[in-house]
>>> print(open('entry_8.cif').read())   # mmCIF, C-alpha atoms
data_my_file
loop_
_atom_site.label_atom_id
_atom_site.label_comp_id
_atom_site.auth_asym_id
_atom_site.auth_seq_id
_atom_site.Cartn_x
_atom_site.Cartn_y
_atom_site.Cartn_z
CA MET A 1093 25.55 -7.73 -7.40
CA ASN A 1094 28.42 -5.52 -6.23
CA PHE A 1095 26.98 -2.45 -4.49
CA GLN A 1096 28.87 0.57 -3.14
CA VAL A 1097 26.67 3.24 -1.56
CA TYR A 1098 27.90 6.71 -0.60
CA ASN A 1099 25.28 8.50 1.52
CA ARG A 1100 25.76 12.24 1.19
CA ASP A 1101 23.31 15.09 1.76
CA ILE A 1102 19.67 14.34 1.09
CA CYS A 1103 17.59 17.48 1.69
CA VAL A 1104 14.03 17.60 0.39
CA GLY A 1105 11.94 20.77 0.52
CA ASP A 1106 8.23 20.02 0.33
CA ILE A 1107 6.42 16.73 -0.18
CA LYS A 1108 2.72 17.01 -1.08
CA ILE A 1109 0.79 13.74 -1.32
CA ILE A 1110 -2.94 13.33 -1.86
CA GLY A 1111 -3.17 9.71 -0.80
CA VAL A 1112 -1.07 6.86 0.54
CA SER A 1113 -3.41 3.92 0.04
CA SER A 1114 -3.82 0.11 -0.27
CA SER A 1115 -0.71 -1.18 1.43
CA SER A 1116 1.58 1.58 0.33
CA LEU A 1117 4.58 2.93 2.20
CA LEU A 1118 5.98 6.44 2.54
CA LEU A 1119 9.38 5.95 4.17
CA VAL A 1120 11.69 8.74 5.25
CA GLY A 1121 14.59 6.59 6.41
CA ASP A 1122 16.57 3.47 5.61
CA ALA A 1123 15.34 -0.08 5.13
CA ASP A 1124 16.98 -3.44 4.41
CA THR A 1125 14.28 -5.22 2.41
CA ILE A 1126 10.98 -3.83 1.15
CA ASN A 1127 8.43 -6.15 -0.46
CA LEU A 1128 5.27 -4.46 -1.72
CA ALA A 1129 2.71 -6.41 -3.75
CA ALA A 1130 -0.69 -5.53 -5.15
CA THR A 1131 -3.08 -7.64 -7.15
CA PHE A 1132 -6.54 -6.74 -8.45
CA ASP A 1133 -8.98 -8.77 -10.48
CA THR A 1134 -11.62 -7.56 -12.95
CA PRO A 1135 -12.31 -10.57 -15.21
CA ALA A 1136 -15.24 -10.65 -17.56
CA GLU A 1137 -17.58 -12.21 -15.01
CA SER A 1138 -17.09 -9.27 -12.69
CA LEU A 1139 -19.42 -7.31 -14.92
CA ILE A 1140 -22.94 -8.43 -13.90
CA VAL A 1141 -25.85 -7.01 -15.90
CA GLY A 1142 -29.20 -7.85 -14.38
CA PRO A 1143 -31.24 -7.59 -11.19
CA PHE A 1144 -29.23 -6.80 -8.08
CA VAL A 1145 -28.61 -10.08 -6.31
CA PRO A 1146 -26.48 -9.80 -3.15
CA LEU A 1147 -23.08 -11.47 -3.30
CA SER A 1148 -22.52 -14.67 -1.32
CA PRO A 1149 -23.40 -13.87 2.29
CA LYS A 1150 -20.82 -13.58 5.07
CA ILE A 1151 -20.54 -16.97 6.85
CA MET B 180 25.35 -5.97 6.17
CA MET B 181 24.26 -3.63 9.00
CA PRO B 182 25.20 -0.20 7.58
CA MET B 183 25.09 2.79 9.91
CA LYS B 184 21.50 3.98 9.59
CA ARG B 185 20.70 7.63 8.97
CA MET B 186 18.65 10.07 11.02
CA ALA B 187 15.43 11.36 9.45
CA THR B 188 14.68 14.97 10.38
CA VAL B 189 11.31 16.36 9.33
CA ASP B 190 10.49 19.97 10.24
CA ARG B 191 6.74 19.83 9.68
CA ILE B 192 4.30 17.07 8.77
CA LYS B 193 0.52 17.43 8.34
CA ILE B 194 -1.73 14.39 7.81
CA ASP B 195 -5.48 14.86 7.58
CA SER B 196 -6.66 11.29 8.06
CA VAL B 197 -5.21 7.88 8.90
CA ILE B 198 -7.94 5.25 8.42
CA LEU B 199 -8.59 1.52 7.88
CA SER B 200 -5.72 0.07 9.93
CA SER B 201 -3.08 2.44 8.62
CA VAL B 202 -0.10 3.51 10.71
CA PHE B 203 1.72 6.79 11.16
CA GLN B 204 5.06 5.77 12.72
CA ILE B 205 7.63 8.20 14.06
CA GLY B 206 10.76 6.32 15.08
CA ASP B 207 12.50 3.14 14.07
CA SER B 208 10.94 -0.28 13.60
CA GLN B 209 12.20 -3.77 12.93
CA HIS B 210 9.56 -5.66 10.98
CA ILE B 211 6.47 -4.37 9.20
CA GLU B 212 3.82 -6.66 7.75
CA GLY B 213 0.47 -5.49 6.37
CA ARG B 214 -2.39 -6.93 4.32
CA SER B 215 -5.36 -5.25 2.75
CA ASN B 216 -8.23 -7.18 1.18
CA ALA B 217 -11.03 -5.26 -0.53
CA LEU B 218 -14.20 -6.13 -2.41
CA ALA B 219 -14.90 -3.09 -4.60
CA VAL B 220 -18.53 -3.38 -5.72
CA GLN B 221 -20.00 -0.55 -7.83
CA ARG B 222 -23.73 -0.66 -8.51
CA GLU B 223 -25.80 1.43 -10.90
CA ALA B 224 -28.42 1.93 -8.17
CA GLU B 225 -27.74 2.73 -4.52
CA ILE B 226 -28.38 -0.67 -2.95
CA PHE B 227 -26.30 -1.93 -0.05
CA PHE B 228 -27.16 -5.30 1.52
CA GLY B 229 -24.75 -5.01 4.40
CA THR B 230 -24.10 -8.71 5.04
CA GLU B 231 -22.76 -9.72 1.64
CA GLY B 232 -19.32 -10.58 0.33
CA GLU B 233 -17.18 -13.49 1.42
CA TYR B 234 -13.43 -13.41 0.64
CA SER B 235 -13.11 -17.19 0.48
CA SER B 236 -15.38 -17.41 -2.55
CA TYR B 237 -12.89 -15.47 -4.72
CA PRO B 238 -9.52 -17.04 -5.63
CA ILE B 239 -7.75 -13.67 -5.78
CA PHE B 240 -7.68 -13.49 -1.98
CA SER B 241 -5.94 -16.86 -1.59
CA GLU B 242 -3.68 -17.28 -4.61
CA PRO B 243 0.03 -16.65 -3.93
CA ILE B 244 1.59 -13.46 -5.37
CA ALA B 245 4.80 -14.21 -7.29
CA PHE B 246 7.52 -12.43 -5.35
CA GLN B 247 11.09 -11.92 -6.56
CA PRO B 248 13.68 -14.20 -4.92
CA GLU B 249 13.77 -13.18 -1.28
CA MET B 250 17.41 -12.23 -1.00
CA GLU B 251 19.88 -11.58 -3.79
CA THR B 252 23.55 -11.91 -2.92
CA ILE B 253 24.59 -8.30 -2.44
CA ILE B 254 28.30 -7.72 -1.93
CA GLY B 255 29.11 -4.18 -1.10
CA HIS B 256 29.41 -1.54 1.54
CA THR B 257 27.55 1.60 2.55
CA HIS B 258 29.72 4.64 3.27
CA THR B 259 27.66 7.13 5.29
CA ILE B 260 29.32 10.53 4.95
CA HIS B 261 26.36 12.68 6.02
CA PRO B 262 23.99 10.62 8.18
CA PHE B 263 20.91 12.85 7.83
CA LEU B 264 17.71 12.77 5.73
CA LYS B 265 16.24 16.26 5.89
CA VAL B 266 12.68 17.08 4.80
CA ARG B 267 11.17 20.52 5.43
CA ASN B 268 7.43 19.96 4.87
CA ILE B 269 5.27 16.87 4.33
CA ASP B 270 1.58 17.42 3.55
CA ILE B 271 -0.60 14.29 3.17
CA THR B 272 -4.37 14.31 2.74
CA GLY B 273 -5.11 10.67 3.49
CA VAL B 274 -3.49 7.42 4.54
CA SER B 275 -5.80 4.45 4.01
CA SER B 276 -6.22 0.63 3.94
CA SER B 277 -3.20 -0.65 5.82
CA SER B 278 -0.74 1.88 4.51
CA ILE B 279 2.17 3.29 6.47
CA VAL B 280 3.80 6.67 6.78
CA HIS B 281 7.12 5.92 8.49
CA LEU B 282 9.59 8.54 9.67
CA GLY B 283 12.70 6.60 10.72
CA ASN B 284 14.52 3.42 9.84
CA THR B 285 13.23 -0.10 9.47
CA CYS B 286 14.53 -3.52 8.42
CA ASN B 287 11.93 -5.71 6.73
CA VAL B 288 8.74 -4.46 5.12
CA LEU B 289 6.13 -6.79 3.58
CA LEU B 290 2.88 -5.17 2.44
CA GLU B 291 0.20 -6.80 0.32
CA SER B 292 -3.00 -5.44 -1.23
CA ARG B 293 -5.70 -7.57 -2.90
CA VAL B 294 -8.76 -5.96 -4.52
CA LYS B 295 -11.64 -7.70 -6.29
CA HIS B 296 -13.61 -5.30 -8.50
CA ILE B 297 -17.28 -6.07 -9.29
CA ARG B 298 -19.67 -3.95 -11.38
CA HIS B 299 -23.44 -4.41 -11.07
CA LEU B 300 -25.36 -2.80 -13.93
CA LEU B 301 -29.13 -2.55 -14.36
CA PRO B 302 -30.62 -4.63 -17.21
CA ARG B 303 -30.40 -2.49 -20.35
CA THR B 304 -34.21 -2.69 -20.95
CA LYS B 305 -34.96 -0.95 -17.59
CA ILE B 306 -32.81 2.02 -18.55
CA GLN B 307 -34.55 2.76 -21.90
CA GLN B 308 -38.05 3.06 -20.29
#
>>> encode(input="entry_8.cif", output="structure tokens")
Amino acid sequence: MNFQVYNRDICVGDIKIIGVSSSSLLLVGDADTINLAATFDTPAESLIVGPFVPLSPKI
Amino acid sequence: MMPMKRMATVDRIKIDSVILSSVFQIGDSQHIEGRSNALAVQREAEIFFGTEGEYSSYPIFSEPIAFQPEMETIIGHTHTIHPFLKVRNIDITGVSSSSIVHLGNTCNVLLESRVKHIRHLLPRTKIQQ
């Protein structure tokens, strides 16, 4: 990939953010490599209908 | 390719809360690495056992996440004509679960978040009574 970058003025007024959460990044600046990854899992067996049994205990 | 890095200038920043191993960084950094594992259990009744939940019993916390190839071959050059990043106001309510607000330059950032959602519902017969 051939990549020419011309950095001119970047002036931002106001930034309003409610939440920066679960391994997110708010960067005001430069970076070489940024790798962000998120995975979540709600398969069918995550829905448990029945008496409340505690999950497997902490070992 | 070490381009001349820019200067971030922020006039005013307001952050209400920085919790659960999150970072508010002012200044440059070299390497950032963060992980966040969460077991999100929602129950129909307010019951909390306190000593439950073990990450190793769920594969989502150990399976590899397919990342893009680490480094593409990038040929090019950065011409910095105006080396400033200006922001007047930043207003953030919350920064949570290993997140980062970073004012300044950095090199490598690797952040990972893994959440296992579980829903506990009461048996349908109990609800109709």
>>> closest_residue(input="entry_8.cif", among="B:Thr285, B:Thr252, B:Asn216, B:Thr257", to="Ser1115 in chain A", atoms="all atoms listed in the file")
B:Asn216
>>> atom_distance(input="entry_8.cif", atom1="CA of Asp207 in chain B", atom2="CA of Ser1113 in chain A")
21.2 Å
>>> interface_residues(input="entry_8.cif", of="chain B", to="chain A", cutoff="6 Å", atoms="all atoms listed in the file", output="ChimeraX atom specification")
/B:187,230-233,253-261,264-302
>>> atom_distance(input="entry_8.cif", atom1="CA of Phe228 in chain B", atom2="CA of Ser215 in chain B")
21.8 Å
>>> closest_residue(input="entry_8.cif", among="B:Glu212, B:Glu225, B:Gly206, B:Ala217", to="Val189 in chain B", atoms="all atoms listed in the file")
B:Gly206
>>> atom_distance(input="entry_8.cif", atom1="CA of Met186 in chain B", atom2="CA of Gln204 in chain B")
14.4 Å
>>> decode(input="entry_8.cif", residues="range 1100-1122 of chain A", atoms="N, CA and C atoms", output="PDB file, in the first residue's frame")
ATOM      1  N   ARG A1100      -2.170  18.601   7.942  1.00  0.00           N
ATOM      2  CA  ARG A1100      -2.378  20.060   8.023  1.00  0.00           C
ATOM      3  C   ARG A1100      -3.108  20.362   9.324  1.00  0.00           C
ATOM      4  N   ASP A1101      -3.907  21.443   9.326  1.00  0.00           N
ATOM      5  CA  ASP A1101      -4.562  21.838  10.585  1.00  0.00           C
ATOM      6  C   ASP A1101      -5.620  20.818  10.968  1.00  0.00           C
ATOM      7  N   ILE A1102      -5.587  20.380  12.214  1.00  0.00           N
ATOM      8  CA  ILE A1102      -6.740  19.643  12.753  1.00  0.00           C
ATOM      9  C   ILE A1102      -7.171  20.399  14.002  1.00  0.00           C
ATOM     10  N   CYS A1103      -8.337  21.059  13.932  1.00  0.00           N
ATOM     11  CA  CYS A1103      -8.827  21.820  15.084  1.00  0.00           C
ATOM     12  C   CYS A1103     -10.248  21.371  15.360  1.00  0.00           C
ATOM     13  N   VAL A1104     -10.455  20.770  16.522  1.00  0.00           N
ATOM     14  CA  VAL A1104     -11.776  20.267  16.889  1.00  0.00           C
ATOM     15  C   VAL A1104     -12.311  21.176  17.979  1.00  0.00           C
ATOM     16  N   GLY A1105     -13.617  21.484  17.918  1.00  0.00           N
ATOM     17  CA  GLY A1105     -14.211  22.348  18.937  1.00  0.00           C
ATOM     18  C   GLY A1105     -14.483  21.555  20.193  1.00  0.00           C
ATOM     19  N   ASP A1106     -15.684  20.950  20.251  1.00  0.00           N
ATOM     20  CA  ASP A1106     -16.089  20.249  21.471  1.00  0.00           C
ATOM     21  C   ASP A1106     -16.252  18.763  21.191  1.00  0.00           C
ATOM     22  N   ILE A1107     -15.803  17.945  22.121  1.00  0.00           N
ATOM     23  CA  ILE A1107     -16.034  16.505  22.057  1.00  0.00           C
ATOM     24  C   ILE A1107     -16.842  16.133  23.295  1.00  0.00           C
ATOM     25  N   LYS A1108     -18.033  15.581  23.115  1.00  0.00           N
ATOM     26  CA  LYS A1108     -18.858  15.148  24.250  1.00  0.00           C
ATOM     27  C   LYS A1108     -19.045  13.641  24.143  1.00  0.00           C
ATOM     28  N   ILE A1109     -18.604  12.908  25.153  1.00  0.00           N
ATOM     29  CA  ILE A1109     -18.682  11.444  25.112  1.00  0.00           C
ATOM     30  C   ILE A1109     -19.358  10.971  26.388  1.00  0.00           C
ATOM     31  N   ILE A1110     -20.317  10.083  26.274  1.00  0.00           N
ATOM     32  CA  ILE A1110     -20.960   9.550  27.476  1.00  0.00           C
ATOM     33  C   ILE A1110     -20.076   8.479  28.082  1.00  0.00           C
ATOM     34  N   GLY A1111     -19.557   7.576  27.260  1.00  0.00           N
ATOM     35  CA  GLY A1111     -18.777   6.499  27.883  1.00  0.00           C
ATOM     36  C   GLY A1111     -17.676   6.002  26.972  1.00  0.00           C
ATOM     37  N   VAL A1112     -16.513   5.763  27.556  1.00  0.00           N
ATOM     38  CA  VAL A1112     -15.432   5.067  26.844  1.00  0.00           C
ATOM     39  C   VAL A1112     -15.270   3.770  27.625  1.00  0.00           C
ATOM     40  N   SER A1113     -15.754   2.645  27.043  1.00  0.00           N
ATOM     41  CA  SER A1113     -15.820   1.441  27.880  1.00  0.00           C
ATOM     42  C   SER A1113     -15.362   0.196  27.141  1.00  0.00           C
ATOM     43  N   SER A1114     -15.076  -0.845  27.908  1.00  0.00           N
ATOM     44  CA  SER A1114     -14.622  -2.191  27.497  1.00  0.00           C
ATOM     45  C   SER A1114     -13.524  -2.090  26.432  1.00  0.00           C
ATOM     46  N   SER A1115     -12.360  -1.790  26.944  1.00  0.00           N
ATOM     47  CA  SER A1115     -11.135  -1.754  26.142  1.00  0.00           C
ATOM     48  C   SER A1115     -11.247  -0.854  24.927  1.00  0.00           C
ATOM     49  N   SER A1116     -11.755   0.329  25.181  1.00  0.00           N
ATOM     50  CA  SER A1116     -11.832   1.291  24.071  1.00  0.00           C
ATOM     51  C   SER A1116     -10.732   2.315  24.253  1.00  0.00           C
ATOM     52  N   LEU A1117     -10.521   3.115  23.200  1.00  0.00           N
ATOM     53  CA  LEU A1117      -9.416   4.082  23.244  1.00  0.00           C
ATOM     54  C   LEU A1117      -9.879   5.401  22.670  1.00  0.00           C
ATOM     55  N   LEU A1118      -9.705   6.485  23.434  1.00  0.00           N
ATOM     56  CA  LEU A1118      -9.909   7.823  22.872  1.00  0.00           C
ATOM     57  C   LEU A1118      -8.513   8.422  22.766  1.00  0.00           C
ATOM     58  N   LEU A1119      -8.022   8.605  21.551  1.00  0.00           N
ATOM     59  CA  LEU A1119      -6.648   9.066  21.355  1.00  0.00           C
ATOM     60  C   LEU A1119      -6.652  10.429  20.691  1.00  0.00           C
ATOM     61  N   VAL A1120      -6.042  11.396  21.350  1.00  0.00           N
ATOM     62  CA  VAL A1120      -5.805  12.691  20.700  1.00  0.00           C
ATOM     63  C   VAL A1120      -4.302  12.723  20.468  1.00  0.00           C
ATOM     64  N   GLY A1121      -3.877  12.237  19.290  1.00  0.00           N
ATOM     65  CA  GLY A1121      -2.441  12.150  19.035  1.00  0.00           C
ATOM     66  C   GLY A1121      -2.181  11.128  17.949  1.00  0.00           C
ATOM     67  N   ASP A1122      -0.919  10.832  17.718  1.00  0.00           N
ATOM     68  CA  ASP A1122      -0.563   9.893  16.645  1.00  0.00           C
ATOM     69  C   ASP A1122      -0.296   8.512  17.229  1.00  0.00           C
TER      70      ASP A1122
END
